[in-house]
Every structure is written in C-alpha cells, then in structure tokens.
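Raw upload_39.pdb, PDB, C-alpha atoms and all ligand atoms:
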ATOM      1  CA  MET A   1      22.310  -2.835   7.479
ATOM      2  CA  LEU A   2      21.784   0.773   6.443
ATOM      3  CA  GLU A   3      24.836   2.872   7.231
ATOM      4  CA  GLY A   4      23.696   5.253   9.947
ATOM      5  CA  SER A   5      21.080   3.028  11.596
ATOM      6  CA  ARG A   6      23.528   1.525  14.111
ATOM      7  CA  ARG A   7      24.861   4.968  15.059
ATOM      8  CA  TRP A   8      21.376   6.488  15.370
ATOM      9  CA  ARG A   9      20.323   3.614  17.597
ATOM     10  CA  ARG A  10      23.474   4.016  19.742
ATOM     11  CA  GLU A  11      22.650   7.706  20.100
ATOM     12  CA  GLY A  12      19.101   6.828  21.168
ATOM     13  CA  LEU A  13      17.474   8.543  18.167
ATOM     14  CA  SER A  14      14.127   7.143  17.037
ATOM     15  CA  ILE A  15      13.961   6.008  13.416
ATOM     16  CA  GLY A  16      10.892   6.175  11.160
ATOM     17  CA  LEU A  17      10.892   4.191   7.913
ATOM     18  CA  VAL A  18       8.742   5.023   4.889
ATOM     19  CA  PRO A  19       8.978   2.107   2.422
ATOM     20  CA  THR A  20       8.247   3.121  -1.182
ATOM     21  CA  MET A  21       8.729   1.932  -4.736
ATOM     22  CA  GLY A  22       9.446   5.507  -5.879
ATOM     23  CA  ALA A  23       7.253   7.466  -8.327
ATOM     24  CA  LEU A  24       6.411   9.544  -5.289
ATOM     25  CA  HIS A  25       3.151  11.447  -4.940
ATOM     26  CA  ALA A  26       1.271  13.352  -2.255
ATOM     27  CA  GLY A  27       0.309  10.072  -0.543
ATOM     28  CA  HIS A  28       3.975   9.227   0.057
ATOM     29  CA  LEU A  29       4.678  12.785   1.199
ATOM     30  CA  SER A  30       1.920  12.491   3.813
ATOM     31  CA  LEU A  31       3.601   9.332   5.182
ATOM     32  CA  ILE A  32       6.922  11.178   5.342
ATOM     33  CA  ALA A  33       5.306  14.155   7.088
ATOM     34  CA  GLU A  34       3.797  11.849   9.726
ATOM     35  CA  ALA A  35       7.141  10.045  10.163
ATOM     36  CA  ARG A  36       8.847  13.435  10.534
ATOM     37  CA  ARG A  37       6.416  14.383  13.332
ATOM     38  CA  GLU A  38       7.039  11.185  15.276
ATOM     39  CA  ASN A  39      10.745  10.406  14.848
ATOM     40  CA  ALA A  40      14.159  12.034  15.180
ATOM     41  CA  ILE A  41      15.365  10.346  11.993
ATOM     42  CA  VAL A  42      13.335   9.581   8.878
ATOM     43  CA  VAL A  43      14.518   7.062   6.294
ATOM     44  CA  ALA A  44      12.698   6.447   3.010
ATOM     45  CA  SER A  45      13.415   3.332   1.006
ATOM     46  CA  VAL A  46      13.045   3.407  -2.758
ATOM     47  CA  PHE A  47      13.035  -0.055  -4.297
ATOM     48  CA  VAL A  48      10.843  -1.410  -7.090
ATOM     49  CA  ASN A  49      10.575  -4.898  -5.675
ATOM     50  CA  PRO A  50      10.645  -7.425  -8.533
ATOM     51  CA  ILE A  51       9.343 -10.341  -6.460
ATOM     52  CA  GLN A  52       6.013  -8.691  -5.662
ATOM     53  CA  PHE A  53       5.122  -8.536  -9.372
ATOM     54  CA  ALA A  54       3.836 -11.718 -11.021
ATOM     55  CA  PRO A  55       5.033 -12.577 -14.535
ATOM     56  CA  GLY A  56       3.056 -10.436 -16.982
ATOM     57  CA  GLU A  57       2.386  -7.658 -14.446
ATOM     58  CA  ASP A  58       3.756  -4.135 -14.781
ATOM     59  CA  PHE A  59       7.246  -4.501 -13.230
ATOM     60  CA  GLU A  60       9.001  -3.351 -16.414
ATOM     61  CA  ARG A  61       6.767  -0.353 -17.039
ATOM     62  CA  TYR A  62       6.282   0.627 -13.363
ATOM     63  CA  PRO A  63       6.922   4.425 -13.339
ATOM     64  CA  ARG A  64      10.506   5.269 -12.362
ATOM     65  CA  ASP A  65      11.711   8.846 -11.964
ATOM     66  CA  PRO A  66      14.757   8.850  -9.659
ATOM     67  CA  ALA A  67      15.600  12.535 -10.248
ATOM     68  CA  ARG A  68      12.109  13.717  -9.331
ATOM     69  CA  ASP A  69      11.976  11.322  -6.361
ATOM     70  CA  ALA A  70      15.297  12.685  -5.077
ATOM     71  CA  GLU A  71      14.013  16.247  -5.386
ATOM     72  CA  GLN A  72      10.796  15.411  -3.510
ATOM     73  CA  LEU A  73      12.640  13.488  -0.787
ATOM     74  CA  SER A  74      15.105  16.267  -0.120
ATOM     75  CA  GLY A  75      12.231  18.784  -0.061
ATOM     76  CA  ALA A  76      10.444  16.587   2.490
ATOM     77  CA  GLY A  77      13.421  16.672   4.864
ATOM     78  CA  ILE A  78      14.448  13.012   4.734
ATOM     79  CA  ASP A  79      17.607  12.080   6.679
ATOM     80  CA  ALA A  80      18.559   9.112   4.506
ATOM     81  CA  VAL A  81      17.347   7.284   1.435
ATOM     82  CA  TYR A  82      17.883   3.524   1.250
ATOM     83  CA  ARG A  83      17.991   2.590  -2.411
ATOM     84  CA  PRO A  84      19.479  -0.921  -2.665
ATOM     85  CA  ALA A  85      20.301  -2.547  -5.993
ATOM     86  CA  VAL A  86      18.327  -5.711  -6.753
ATOM     87  CA  GLU A  87      21.476  -7.879  -6.242
ATOM     88  CA  VAL A  88      21.998  -6.327  -2.824
ATOM     89  CA  MET A  89      18.407  -6.905  -1.739
ATOM     90  CA  TYR A  90      18.333 -10.428  -3.208
ATOM     91  CA  TYR A  91      21.622 -12.296  -3.346
ATOM     92  CA  PRO A  92      21.901 -14.304  -6.565
ATOM     93  CA  GLY A  93      19.948 -17.503  -6.003
ATOM     94  CA  ALA A  94      17.984 -16.104  -3.038
ATOM     95  CA  SER A  95      14.964 -18.354  -2.633
ATOM     96  CA  THR A  96      13.492 -17.516   0.789
ATOM     97  CA  ARG A  97       9.982 -16.059   0.939
ATOM     98  CA  VAL A  98       7.998 -14.816   3.908
ATOM     99  CA  HIS A  99       4.424 -16.083   3.675
ATOM    100  CA  VAL A 100       1.681 -14.711   5.922
ATOM    101  CA  ALA A 101      -0.808 -17.550   5.676
ATOM    102  CA  GLY A 102      -4.519 -17.000   5.151
ATOM    103  CA  ILE A 103      -4.804 -13.315   4.573
ATOM    104  CA  SER A 104      -2.215 -13.390   1.750
ATOM    105  CA  ASP A 105      -4.406 -15.701  -0.305
ATOM    106  CA  ARG A 106      -7.636 -13.678  -0.368
ATOM    107  CA  LEU A 107      -8.847 -10.842  -2.645
ATOM    108  CA  GLU A 108      -5.657  -9.011  -3.731
ATOM    109  CA  GLY A 109      -3.693 -12.170  -2.936
ATOM    110  CA  ALA A 110      -6.004 -14.323  -5.038
ATOM    111  CA  ALA A 111      -5.909 -11.811  -7.910
ATOM    112  CA  ARG A 112      -2.112 -11.497  -7.708
ATOM    113  CA  PRO A 113      -0.663 -14.862  -6.625
ATOM    114  CA  GLY A 114       2.671 -14.446  -4.831
ATOM    115  CA  HIS A 115       2.240 -10.685  -4.467
ATOM    116  CA  PHE A 116       1.993 -10.613  -0.678
ATOM    117  CA  ASP A 117       4.878 -13.081  -0.279
ATOM    118  CA  GLY A 118       6.981 -10.581  -2.227
ATOM    119  CA  VAL A 119       5.748  -7.697  -0.081
ATOM    120  CA  ALA A 120       6.235  -9.597   3.201
ATOM    121  CA  THR A 121       9.741 -10.682   2.169
ATOM    122  CA  VAL A 122      10.925  -7.218   1.152
ATOM    123  CA  VAL A 123       9.329  -5.510   4.153
ATOM    124  CA  SER A 124      11.039  -8.031   6.477
ATOM    125  CA  LYS A 125      14.353  -7.283   4.794
ATOM    126  CA  LEU A 126      13.764  -3.517   5.048
ATOM    127  CA  PHE A 127      13.000  -3.865   8.763
ATOM    128  CA  THR A 128      16.240  -5.828   9.213
ATOM    129  CA  ALA A 129      18.292  -3.312   7.221
ATOM    130  CA  VAL A 130      16.913  -0.123   8.780
ATOM    131  CA  GLU A 131      15.780  -1.302  12.254
ATOM    132  CA  PRO A 132      13.033   1.329  12.435
ATOM    133  CA  ASP A 133      11.037   2.111  15.575
ATOM    134  CA  ARG A 134       8.050   2.945  13.386
ATOM    135  CA  ALA A 135       7.165   2.133   9.776
ATOM    136  CA  TYR A 136       4.576   4.047   7.743
ATOM    137  CA  PHE A 137       2.083   2.600   5.271
ATOM    138  CA  GLY A 138      -0.928   4.055   3.457
ATOM    139  CA  GLN A 139      -4.484   2.878   4.170
ATOM    140  CA  LYS A 140      -4.952   2.768   0.384
ATOM    141  CA  ASP A 141      -3.259  -0.659   0.430
ATOM    142  CA  ALA A 142      -5.432  -1.956   3.278
ATOM    143  CA  GLN A 143      -4.685  -5.645   2.737
ATOM    144  CA  GLN A 144      -0.949  -4.934   2.580
ATOM    145  CA  VAL A 145      -1.324  -3.165   5.934
ATOM    146  CA  ALA A 146      -3.022  -6.240   7.424
ATOM    147  CA  VAL A 147      -0.266  -8.512   6.052
ATOM    148  CA  VAL A 148       2.509  -6.259   7.385
ATOM    149  CA  ARG A 149       0.909  -5.928  10.828
ATOM    150  CA  ARG A 150       0.634  -9.694  11.095
ATOM    151  CA  LEU A 151       4.184 -10.309   9.923
ATOM    152  CA  ALA A 152       5.644  -7.737  12.347
ATOM    153  CA  ARG A 153       3.749  -9.369  15.215
ATOM    154  CA  ASP A 154       4.463 -12.974  14.231
ATOM    155  CA  LEU A 155       8.184 -12.427  13.577
ATOM    156  CA  ASP A 156       8.682 -10.183  16.654
ATOM    157  CA  PHE A 157       9.950  -7.161  14.731
ATOM    158  CA  PRO A 158      10.189  -4.403  17.359
ATOM    159  CA  VAL A 159       8.491  -1.875  15.079
ATOM    160  CA  GLN A 160       5.198  -0.010  15.350
ATOM    161  CA  ILE A 161       3.167  -0.142  12.159
ATOM    162  CA  ARG A 162       1.620   3.277  11.535
ATOM    163  CA  VAL A 163      -1.154   3.670   8.987
ATOM    164  CA  CYS A 164      -1.932   7.025   7.354
ATOM    165  CA  PRO A 165      -5.203   7.980   5.614
ATOM    166  CA  THR A 166      -5.527   7.624   1.856
ATOM    167  CA  VAL A 167      -4.759  10.879   0.043
ATOM    168  CA  ARG A 168      -7.292  11.575  -2.705
ATOM    169  CA  GLU A 169      -7.540  13.740  -5.802
ATOM    170  CA  ALA A 170     -10.283  16.389  -5.871
ATOM    171  CA  ASP A 171     -12.792  13.930  -7.420
ATOM    172  CA  GLY A 172     -12.032  11.258  -4.789
ATOM    173  CA  LEU A 173      -9.631   9.055  -6.783
ATOM    174  CA  ALA A 174      -7.029   7.605  -4.404
ATOM    175  CA  MET A 175      -3.496   8.726  -5.249
ATOM    176  CA  SER A 176      -1.450   5.916  -6.758
ATOM    177  CA  SER A 177       1.685   5.748  -8.867
ATOM    178  CA  ARG A 178      -0.350   3.656 -11.306
ATOM    179  CA  ASN A 179      -2.767   6.545 -12.012
ATOM    180  CA  ALA A 180      -0.045   7.763 -14.385
ATOM    181  CA  TYR A 181      -0.993   4.927 -16.773
ATOM    182  CA  LEU A 182      -4.511   6.307 -17.342
ATOM    183  CA  ASP A 183      -5.439   8.321 -20.437
ATOM    184  CA  PRO A 184      -7.985  11.140 -19.891
ATOM    185  CA  GLN A 185     -10.998   8.929 -20.672
ATOM    186  CA  GLU A 186      -9.746   6.178 -18.380
ATOM    187  CA  ARG A 187      -8.932   8.728 -15.699
ATOM    188  CA  ALA A 188     -12.562   9.896 -15.773
ATOM    189  CA  ALA A 189     -13.759   6.277 -15.550
ATOM    190  CA  ALA A 190     -11.508   5.665 -12.524
ATOM    191  CA  GLY A 191     -13.790   8.007 -10.578
ATOM    192  CA  SER A 192     -16.206   5.052 -10.337
ATOM    193  CA  LEU A 193     -14.065   3.562  -7.532
ATOM    194  CA  SER A 194     -14.593   6.413  -5.092
ATOM    195  CA  ALA A 195     -18.178   6.893  -6.312
ATOM    196  CA  ALA A 196     -18.943   3.256  -5.406
ATOM    197  CA  LEU A 197     -17.311   3.595  -1.982
ATOM    198  CA  ARG A 198     -19.201   6.821  -1.305
ATOM    199  CA  LEU A 199     -22.482   5.177  -2.281
ATOM    200  CA  ALA A 200     -21.888   2.245   0.085
ATOM    201  CA  ALA A 201     -20.831   4.613   2.903
ATOM    202  CA  ASP A 202     -24.039   6.611   2.390
ATOM    203  CA  ALA A 203     -26.099   3.400   2.532
ATOM    204  CA  TYR A 204     -24.263   2.367   5.713
ATOM    205  CA  ALA A 205     -24.902   5.807   7.245
ATOM    206  CA  ALA A 206     -28.587   5.404   6.387
ATOM    207  CA  GLY A 207     -28.646   2.189   8.440
ATOM    208  CA  GLU A 208     -27.914  -0.529   5.856
ATOM    209  CA  ARG A 209     -25.867  -3.297   7.515
ATOM    210  CA  ARG A 210     -26.648  -6.345   5.359
ATOM    211  CA  PRO A 211     -23.280  -7.315   3.815
ATOM    212  CA  GLU A 212     -24.864  -8.602   0.619
ATOM    213  CA  GLN A 213     -26.804  -5.343   0.078
ATOM    214  CA  LEU A 214     -23.677  -3.266   0.625
ATOM    215  CA  ARG A 215     -21.666  -5.551  -1.642
ATOM    216  CA  SER A 216     -24.295  -5.360  -4.388
ATOM    217  CA  ALA A 217     -24.380  -1.555  -4.166
ATOM    218  CA  LEU A 218     -20.612  -1.434  -4.709
ATOM    219  CA  GLN A 219     -20.728  -3.938  -7.536
ATOM    220  CA  ALA A 220     -23.635  -2.216  -9.324
ATOM    221  CA  ARG A 221     -21.989   1.212  -9.214
ATOM    222  CA  LEU A 222     -18.713  -0.174 -10.560
ATOM    223  CA  GLU A 223     -20.494  -2.099 -13.300
ATOM    224  CA  ALA A 224     -22.273   1.100 -14.351
ATOM    225  CA  GLU A 225     -18.916   2.339 -15.657
ATOM    226  CA  PRO A 226     -18.513   0.844 -19.151
ATOM    227  CA  LEU A 227     -14.689   1.088 -19.160
ATOM    228  CA  ALA A 228     -14.315  -0.720 -15.827
ATOM    229  CA  GLN A 229     -13.989  -4.471 -15.438
ATOM    230  CA  VAL A 230     -14.793  -5.360 -11.854
ATOM    231  CA  GLU A 231     -12.344  -7.772 -10.184
ATOM    232  CA  TYR A 232     -13.915  -7.728  -6.755
ATOM    233  CA  ALA A 233     -16.193  -5.673  -4.527
ATOM    234  CA  GLU A 234     -16.493  -6.975  -0.964
ATOM    235  CA  VAL A 235     -17.198  -5.805   2.564
ATOM    236  CA  VAL A 236     -14.724  -7.482   4.923
ATOM    237  CA  ASP A 237     -13.101  -7.465   8.323
ATOM    238  CA  PRO A 238     -10.007  -5.201   8.135
ATOM    239  CA  GLU A 239      -7.754  -7.676   9.963
ATOM    240  CA  THR A 240      -8.682 -10.987   8.392
ATOM    241  CA  PHE A 241     -10.122  -9.828   5.078
ATOM    242  CA  THR A 242     -12.970 -12.297   5.442
ATOM    243  CA  SER A 243     -16.652 -11.321   5.476
ATOM    244  CA  PRO A 244     -18.475  -9.857   7.250
ATOM    245  CA  GLY A 245     -16.980  -6.557   8.335
ATOM    246  CA  SER A 246     -17.237  -2.875   7.576
ATOM    247  CA  LEU A 247     -14.268  -2.343   5.270
ATOM    248  CA  ALA A 248     -15.403  -1.997   1.660
ATOM    249  CA  VAL A 249     -12.651  -3.125  -0.732
ATOM    250  CA  VAL A 250     -12.788  -2.791  -4.492
ATOM    251  CA  ALA A 251     -10.554  -3.636  -7.436
ATOM    252  CA  ILE A 252     -11.155  -2.858 -11.086
ATOM    253  CA  ARG A 253      -9.256  -3.004 -14.313
ATOM    254  CA  ILE A 254      -9.501  -0.111 -16.757
ATOM    255  CA  GLY A 255      -7.746  -0.992 -19.991
ATOM    256  CA  THR A 256      -4.421  -2.454 -18.882
ATOM    257  CA  THR A 257      -4.422  -0.660 -15.518
ATOM    258  CA  ARG A 258      -5.467  -2.314 -12.278
ATOM    259  CA  LEU A 259      -6.722   0.010  -9.538
ATOM    260  CA  ILE A 260      -7.745  -0.709  -5.942
ATOM    261  CA  ASP A 261      -9.379   1.326  -3.188
ATOM    262  CA  ASN A 262     -11.134   0.828   0.145
ATOM    263  CA  HIS A 263     -13.135   2.649   2.779
ATOM    264  CA  ASP A 264     -14.277   1.912   6.319
ATOM    265  CA  LEU A 265     -18.037   2.222   5.887
ATOM    266  CA  SER A 266     -18.568   3.250   9.499
ATOM    267  CA  MET A 267     -16.933   6.559   8.558
ATOM    268  CA  ARG A 268     -18.183   9.306   6.268
ATOM    269  CA  PHE A 269     -16.519   9.208   2.842
ATOM    270  CA  PRO A 270     -14.211  12.252   2.622
ATOM    271  CA  GLY A 271     -14.968  15.256   0.435
TER     272      GLY A 271
HETATM  273  O1  LIG A 301       3.301  -0.154  -1.079
HETATM  274  C1  LIG A 301       4.383  -0.223  -1.692
HETATM  275  O2  LIG A 301       4.844   0.731  -2.329
HETATM  276  C2  LIG A 301       5.166  -1.525  -1.664
HETATM  277  O3  LIG A 301       4.312  -2.626  -1.658
HETATM  278  C3  LIG A 301       6.179  -1.603  -0.502
HETATM  279  C4  LIG A 301       5.482  -1.579   0.852
HETATM  280  C5  LIG A 301       7.158  -0.442  -0.608
HETATM  281  C6  LIG A 301       6.962  -2.910  -0.589
HETATM  282  O4  LIG A 301       7.646  -3.007  -1.796
END
Mind turning this structure into structure tokens?
Amino acid sequence: MLEGSRRWRREGLSIGLVPTMGALHAGHLSLIAEARRENAIVVASVFVNPIQFAPGEDFERYPRDPARDAEQLSGAGIDAVYRPAVEVMYYPGASTRVHVAGISDRLEGAARPGHFDGVATVVSKLFTAVEPDRAYFGQKDAQQVAVVRRLARDLDFPVQIRVCPTVREADGLAMSSRNAYLDPQERAAAGSLSAALRLAADAYAAGERRPEQLRSALQARLEAEPLAQVEYAEVVDPETFTSPGSLAVVAIRIGTTRLIDNHDLSMRFPG
C-alpha cells in the first residue's frame, strides 16, 4: 500500500488518484486540477505498464521524461507520486489478469488483444495500493473508461470513477503522449480524426440518426486523408461499445503511430 494512504484515511482525508503512464501533458493536468478541486489529497501514479502493451507495440519507445513529469507534478500541487518499479507492481512470476468480459474484446480490445486485461489488472492494483475515494480518467480513452467503470462496480472497489473532457490542441487533435511520435506532415494528417468527428457531429445536429450514415461519414472523411490508415470508425453505446449508440469512436494509424479519438454526437464538437 502507498505510504501515507492509511494515515490519510485514518485522518478522514479524501484521496483522489490520477493514474498515468507519465509523459504528462495538458490532458493529465486537467485531471489533476479536477482531483485537486474534489479531494483533500491528490496522488498521481506514474507507471508505464508493460502488460497493457502487446508484443511489437510501443512499450520500449513509449515517451519517458521523469524529470519533466516531476516538475509538472510539483507545479500541479500533487501530495504524493506513486511510481512503483515493475518488480514491485508485478512480483516475479505474477500471472493473474483481471478480464472485463465482453467490452474488452471489441474495437480497441480487438485491435490490441490483451490490452484491456493489462489496464484492468494495473488499475485494480492501483486502487488496492492507494485506496482512493475518487479516480480520474480522460474521456479520450472512452473504452478504457467503460472497462474501468465496470471493473470498479463488479469488484466492489469503493471508488468513484470521474471522467474529464478530452483536452484538444487548437486544431482539434486530442492531446496524447503518442502525438510526440508524429513528424510535421503526420501531425497535419492527424487533424483528420477531429475533422471526421466534427463532420459526424454536424450531421447528427442536422438530424441524421441512421448509424450506417453516420459511420460512413466518419469513414469517408478519414479515408480522404492519404497518410491515414483507418482501423475503425463506429457509432456505439458508450457503456457496452456495441452499436447502435451516439458515441463516435475512431482509430487510425499514421506511419507507425496509432491514434484514437471519440465524441458524443449528441453534443456540439468543441472549438
Ligand atoms: O490511460 C493510461 O495512461 C493508462 O492506460 C492507465 C490508466 C494509467 C493504466 O496504465
């Protein structure tokens, strides 16, 4: 357990947890700011979780900048940083995985087999170590949010899952640590994600409700970008991630970088 958590609980102080993999950006800082507003104590975890990366994914090259992270965290007024070593998080030979059935196997889960088991396992362990009253996640990873909500409910973790809006660059690109992989040409092409979501939101606002029409609009706009390879473009229910629904979810690959985004079509696209 995190040193401090037991004492804070004894003293009746509420604890907010912001789980991260480091490489912090304005999206993370918005989660911390919300946690700061709602809790006496704010803990951020920084752990690049090896078991949520499949072989061949970007675990090795995932951006790591501990000095800059530390600077940002202290500037954001964090009370404690939980930064376990891999051997502390996963005892040698650890083989247990938390699997949230159904939702973990669709879309992101289908594209990245084992990914959500890795997320659900580490988040369960973080909840056990920190015992937060509230935990903060970004809407950018909408399917992760649905997995975490379900796991907290099913395993009776006494934690409220708080979801904060996606923070976007001026052109609409969702902030992500992986944006750092993009060269200038790829960065320009990445704008197709938010452009597609905006287009579908405009169609929805104009009265379009047919899932296939909305899906095709997303797909067509993404395919119009020559550097983008479309992995999926769907309109789903935000809890089950099955169709139909009003959450547009998209994933593309640009060069070696995989990017995802989403938007609730019943709301105006920001900006
Ligand atoms: O969203 C992330 O950064 C990670 O998936 C999380 C929730 C910190 C678990 O490793």
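Of the listed residues (A:Ala189, A:Ala248, A:Met175, A:Ala33), A:Met175 comes nearest to ligand LIG 301 (chain A); the distances count all atoms listed in the file.
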Check which residues of chain A sit at most 7 Å from ligand LIG 301 (chain A) using all atoms listed in the file, and return one row each with the closest pair of atoms and their distance in Å to one decimal, ordered by chain and rising number, as JSON lines.
{"residue": "A:Pro19", "atom": "CA", "partner": "A:LIG301", "partner_atom": "C5", "distance": 4.4}
{"residue": "A:Thr20", "atom": "CA", "partner": "A:LIG301", "partner_atom": "C5", "distance": 3.8}
{"residue": "A:Met21", "atom": "CA", "partner": "A:LIG301", "partner_atom": "O2", "distance": 4.7}
{"residue": "A:Phe47", "atom": "CA", "partner": "A:LIG301", "partner_atom": "O4", "distance": 6.6}
{"residue": "A:Val48", "atom": "CA", "partner": "A:LIG301", "partner_atom": "O4", "distance": 6.4}
{"residue": "A:Asn49", "atom": "CA", "partner": "A:LIG301", "partner_atom": "O4", "distance": 5.2}
{"residue": "A:Val119", "atom": "CA", "partner": "A:LIG301", "partner_atom": "C6", "distance": 5.0}
{"residue": "A:Val122", "atom": "CA", "partner": "A:LIG301", "partner_atom": "O4", "distance": 6.1}
{"residue": "A:Val123", "atom": "CA", "partner": "A:LIG301", "partner_atom": "C6", "distance": 5.9}
{"residue": "A:Phe137", "atom": "CA", "partner": "A:LIG301", "partner_atom": "C4", "distance": 7.0}
{"residue": "A:Asp141", "atom": "CA", "partner": "A:LIG301", "partner_atom": "O1", "distance": 6.8}
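Ranking A:Ala174, A:Val46, A:Leu214, A:Val249 by their shortest atom-to-atom distance to His263 in chain A, with all atoms listed in the file included, puts A:Val249 first.
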Selection under test: the PyMOL selection byres (((chain A and resi 219) around 8) and not hetatm); residues as a ChimeraX atom specification: /A:196,215-218,220-223,230,232-233
Residues in the PyMOL selection byres (((chain A and resi 165) around 6) and not hetatm), expressed as an mmCIF file with C-alpha atoms, in the frame of the given file:
data_model
loop_
_atom_site.group_PDB
_atom_site.id
_atom_site.type_symbol
_atom_site.label_atom_id
_atom_site.label_comp_id
_atom_site.auth_asym_id
_atom_site.auth_seq_id
_atom_site.Cartn_x
_atom_site.Cartn_y
_atom_site.Cartn_z
ATOM 1 C CA GLN A 139 -4.484 2.878 4.170
ATOM 2 C CA CYS A 164 -1.932 7.025 7.354
ATOM 3 C CA THR A 166 -5.527 7.624 1.856
#
